[in-house]
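Chemist: Below is the structure I would like to discuss, written out as structure tokens.
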Amino acid sequence: MNTPIQSTGAAIEISRLSKIYETREDTDVVALEKIDLRFEPGSFVAVVGPSGCGKSTLLSLLAGLTPASTGKIAIDGQGISKPHPKIGVVFQSDLLLYWRTVLDNILLPIEIKKLDLAKYRLHAEDLLAQVGLEGFGNKYPSELSGGMRQRVAICRALIQEPGLLLMDEPFGALDALTREQMIMDLQSMWLRVRNTVLFITHGIDEAVFLADRVLVMSPRPGRIDLDLTIDMPRPRQWSKVHEDKAYYGYVRQIRDIFEAKGVLVAH
Ligand SMILES: Nc1ncnc2c1ncn2[C@@H]1O[C@H](COP(=O)(O)OP(=O)(O)OP(=O)(O)O)[C@@H](O)[C@H]1O
């Protein structure tokens, strides 16, 4: 039987956050400019925006992988300046180590931190079962499909029960059918875990479907053009949402912003 993971979402506070990359040319790149945001604990926030607007930069700052130029990020009231144990990250590419089994990949963060492996092994198996991969622990990444590997990457991010899960286009490399399944599975997982999620995507449809709130970013320098609350009951059904007027209203609002900014050109 699956035991639900006990995890409470973290509260995130971002104030006056900017990131300027120094380049070899004269002009520096202002990737983010004075962003102020607050994420409620346990909320699912999606970020959409044109290529190069600073989405990955925002994620990287939150993950503590890149230093901010100005401003502050606080997780549960504590400022962060380096990778934080309360944060799990999933990227577009699964980044699994091919020479380690599925279970050993999931347990990698535990091993690195020299925590009690035996204690986490059961939890890892439980996570695998929750994403539909029961019994796959002894397989190697090369024996799995792209969707299965990405599920393993999600388990690896969840093993330490992160209060904040950062996802950077996690389904961008998957085929359409697998992506649809993963979107539904992510919703189920999150409804059990209820951690705070920041989900970066190019897909307006998956952003509106999954999120409580969609942040629409402007072309560089990245600012928040629209902060849209998605008020639709859960669990949401991917096959039914496309008949829902409210869903289309949200999608329309986001597309209108992109069209107004020339990101999408209407014909
Ligand atoms: N290490 C870096 N050095 C210099 N410029 C950078 C660096 N990383 C990102 N940039 C620039 O910062 C801007 C924002 O990049 P970022 O990767 O955050 O955008 P993005 O919205 O995630 O793009 P995409 O959707 O294409 O992944 C871009 O103009 C990019 O060229």
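Here's how to read the names in the structure tokens: chain A, B, ... by the order shown, residue numbers from 1 in each chain, ligand numbers from 1 in the order shown.
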Using only C-alpha atoms and all ligand atoms, which residues of the polymer chains come no farther than 6 Å from ligand 1? I'd like the answer as a ChimeraX atom specification.
Modeler: /A:21,23,29,31,50-57
Chemist: Could you list, as a ChimeraX atom specification, every residue within 12 Å of Leu186 (chain A), counting only C-alpha atoms and ignoring same-chain residues fewer than 2 positions away?
Modeler: /A:44,130-132,150-151,154-155,158,165,167,170-171,178-184,188-195,197,199,206,209-211,235-236,238
Chemist: Could you write out the selected residues, including N, CA and C atoms, as a compact mmCIF listing (two decimals), in the first residue's frame?
Modeler:
# COMPACT_ATOMS: atom_id res chain seq x y z
N PHE A 44 0.71 25.67 -6.44
CA PHE A 44 1.31 25.22 -7.70
C PHE A 44 1.34 26.42 -8.64
N GLN A 130 4.32 5.08 -6.53
CA GLN A 130 3.37 6.19 -6.72
C GLN A 130 3.40 6.76 -8.13
N VAL A 131 4.54 6.60 -8.82
CA VAL A 131 4.59 7.09 -10.20
C VAL A 131 4.42 5.93 -11.20
N GLY A 132 3.91 4.81 -10.70
CA GLY A 132 3.58 3.69 -11.60
C GLY A 132 4.77 2.86 -12.01
N GLN A 150 11.91 10.17 -16.82
CA GLN A 150 11.55 11.45 -16.22
C GLN A 150 10.79 11.23 -14.90
N ARG A 151 10.03 10.15 -14.82
CA ARG A 151 9.36 9.81 -13.56
C ARG A 151 10.40 9.52 -12.47
N ILE A 154 11.81 12.66 -11.21
CA ILE A 154 10.88 13.32 -10.27
C ILE A 154 11.00 12.65 -8.90
N CYS A 155 11.09 11.32 -8.87
CA CYS A 155 11.27 10.62 -7.58
C CYS A 155 12.55 11.09 -6.90
N LEU A 158 12.03 14.20 -5.24
CA LEU A 158 11.09 14.14 -4.11
C LEU A 158 11.62 13.37 -2.91
N LEU A 165 9.43 22.33 -4.97
CA LEU A 165 9.86 21.54 -6.14
C LEU A 165 9.93 22.48 -7.34
N MET A 167 10.58 22.86 -11.33
CA MET A 167 10.54 22.01 -12.53
C MET A 167 10.75 22.90 -13.76
N PRO A 170 9.79 20.16 -17.58
CA PRO A 170 10.10 18.74 -17.34
C PRO A 170 9.54 17.81 -18.41
N PHE A 171 8.52 18.26 -19.16
CA PHE A 171 7.91 17.36 -20.14
C PHE A 171 8.21 17.82 -21.57
N THR A 178 2.80 10.73 -23.98
CA THR A 178 3.50 10.56 -22.69
C THR A 178 3.36 11.85 -21.88
N ARG A 179 3.48 12.98 -22.57
CA ARG A 179 3.37 14.27 -21.88
C ARG A 179 2.00 14.38 -21.20
N GLU A 180 0.95 14.01 -21.92
CA GLU A 180 -0.41 14.08 -21.37
C GLU A 180 -0.52 13.24 -20.10
N GLN A 181 0.03 12.03 -20.17
CA GLN A 181 -0.02 11.14 -19.00
C GLN A 181 0.77 11.73 -17.83
N MET A 182 1.94 12.30 -18.16
CA MET A 182 2.79 12.86 -17.10
C MET A 182 2.12 14.06 -16.44
N ILE A 183 1.39 14.85 -17.23
CA ILE A 183 0.69 16.01 -16.67
C ILE A 183 -0.35 15.54 -15.65
N MET A 184 -1.10 14.49 -16.04
CA MET A 184 -2.11 13.95 -15.13
C MET A 184 -1.45 13.36 -13.88
N SER A 188 -1.75 14.30 -9.77
CA SER A 188 -2.09 13.34 -8.69
C SER A 188 -1.01 13.36 -7.61
N MET A 189 0.24 13.35 -8.07
CA MET A 189 1.35 13.35 -7.11
C MET A 189 1.27 14.60 -6.22
N TRP A 190 1.07 15.74 -6.86
CA TRP A 190 1.05 17.00 -6.11
C TRP A 190 -0.16 17.06 -5.16
N LEU A 191 -1.29 16.50 -5.58
CA LEU A 191 -2.46 16.50 -4.70
C LEU A 191 -2.20 15.67 -3.44
N ARG A 192 -1.30 14.66 -3.56
CA ARG A 192 -0.93 13.87 -2.38
C ARG A 192 0.10 14.61 -1.53
N VAL A 193 1.09 15.20 -2.20
CA VAL A 193 2.24 15.77 -1.49
C VAL A 193 1.97 17.19 -1.00
N ARG A 194 1.33 17.98 -1.86
CA ARG A 194 1.00 19.38 -1.55
C ARG A 194 2.22 20.21 -1.16
N ASN A 195 3.31 20.00 -1.90
CA ASN A 195 4.43 20.90 -1.67
C ASN A 195 4.25 22.12 -2.58
N VAL A 197 5.15 24.19 -5.72
CA VAL A 197 5.79 23.85 -7.00
C VAL A 197 5.93 25.10 -7.86
N PHE A 199 6.69 25.64 -11.75
CA PHE A 199 6.70 24.80 -12.95
C PHE A 199 6.90 25.72 -14.16
N GLU A 206 -0.64 23.28 -20.53
CA GLU A 206 -0.28 22.55 -19.31
C GLU A 206 -0.15 23.48 -18.11
N PHE A 209 -3.72 24.08 -16.95
CA PHE A 209 -4.29 22.84 -16.42
C PHE A 209 -3.75 22.54 -15.01
N LEU A 210 -2.43 22.71 -14.83
CA LEU A 210 -1.81 22.25 -13.59
C LEU A 210 -1.85 23.28 -12.45
N ALA A 211 -1.82 24.56 -12.80
CA ALA A 211 -1.48 25.55 -11.78
C ALA A 211 -2.67 26.15 -11.03
N PRO A 235 -9.68 17.21 -8.61
CA PRO A 235 -8.72 16.99 -9.68
C PRO A 235 -9.30 17.38 -11.04
N ARG A 236 -8.43 17.93 -11.88
CA ARG A 236 -8.86 18.32 -13.22
C ARG A 236 -8.61 17.16 -14.18
N TRP A 238 -7.72 16.04 -17.94
CA TRP A 238 -7.14 16.58 -19.19
C TRP A 238 -8.13 16.42 -20.34
Chemist: Between A:Val102, A:Val265, A:Val214, A:Ile159, which is the closest to Leu115 (chain A) once you count only C-alpha atoms?
Modeler: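 Between A:Val102, A:Val265, A:Val214, A:Ile159, the residue approaching Leu115 (chain A) most closely is A:Ile159.
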Chemist: Residues of region 209-235 of chain A that have any atom at most 12 Å from an atom of region 251-255 of chain A: could you tabulate them with the shortest-distance atom pair and the distance in Å to one decimal, using only C-alpha atoms, ordered by chain and increasing number, as JSON lines?
Modeler:
{"residue": "A:Phe209", "atom": "CA", "partner": "A:Val251", "partner_atom": "CA", "distance": 9.5}
{"residue": "A:Arg213", "atom": "CA", "partner": "A:Ile254", "partner_atom": "CA", "distance": 12.0}
{"residue": "A:Val214", "atom": "CA", "partner": "A:Ile254", "partner_atom": "CA", "distance": 8.9}
{"residue": "A:Leu215", "atom": "CA", "partner": "A:Ile254", "partner_atom": "CA", "distance": 9.3}
{"residue": "A:Val216", "atom": "CA", "partner": "A:Ile254", "partner_atom": "CA", "distance": 7.1}
{"residue": "A:Met217", "atom": "CA", "partner": "A:Ile254", "partner_atom": "CA", "distance": 10.0}
{"residue": "A:Ser218", "atom": "CA", "partner": "A:Ile254", "partner_atom": "CA", "distance": 11.2}
{"residue": "A:Asp225", "atom": "CA", "partner": "A:Ile254", "partner_atom": "CA", "distance": 9.7}
{"residue": "A:Leu226", "atom": "CA", "partner": "A:Ile254", "partner_atom": "CA", "distance": 8.0}
{"residue": "A:Asp227", "atom": "CA", "partner": "A:Ile254", "partner_atom": "CA", "distance": 9.9}
{"residue": "A:Leu228", "atom": "CA", "partner": "A:Ile254", "partner_atom": "CA", "distance": 8.7}
{"residue": "A:Thr229", "atom": "CA", "partner": "A:Gln253", "partner_atom": "CA", "distance": 11.4}
{"residue": "A:Ile230", "atom": "CA", "partner": "A:Val251", "partner_atom": "CA", "distance": 10.2}
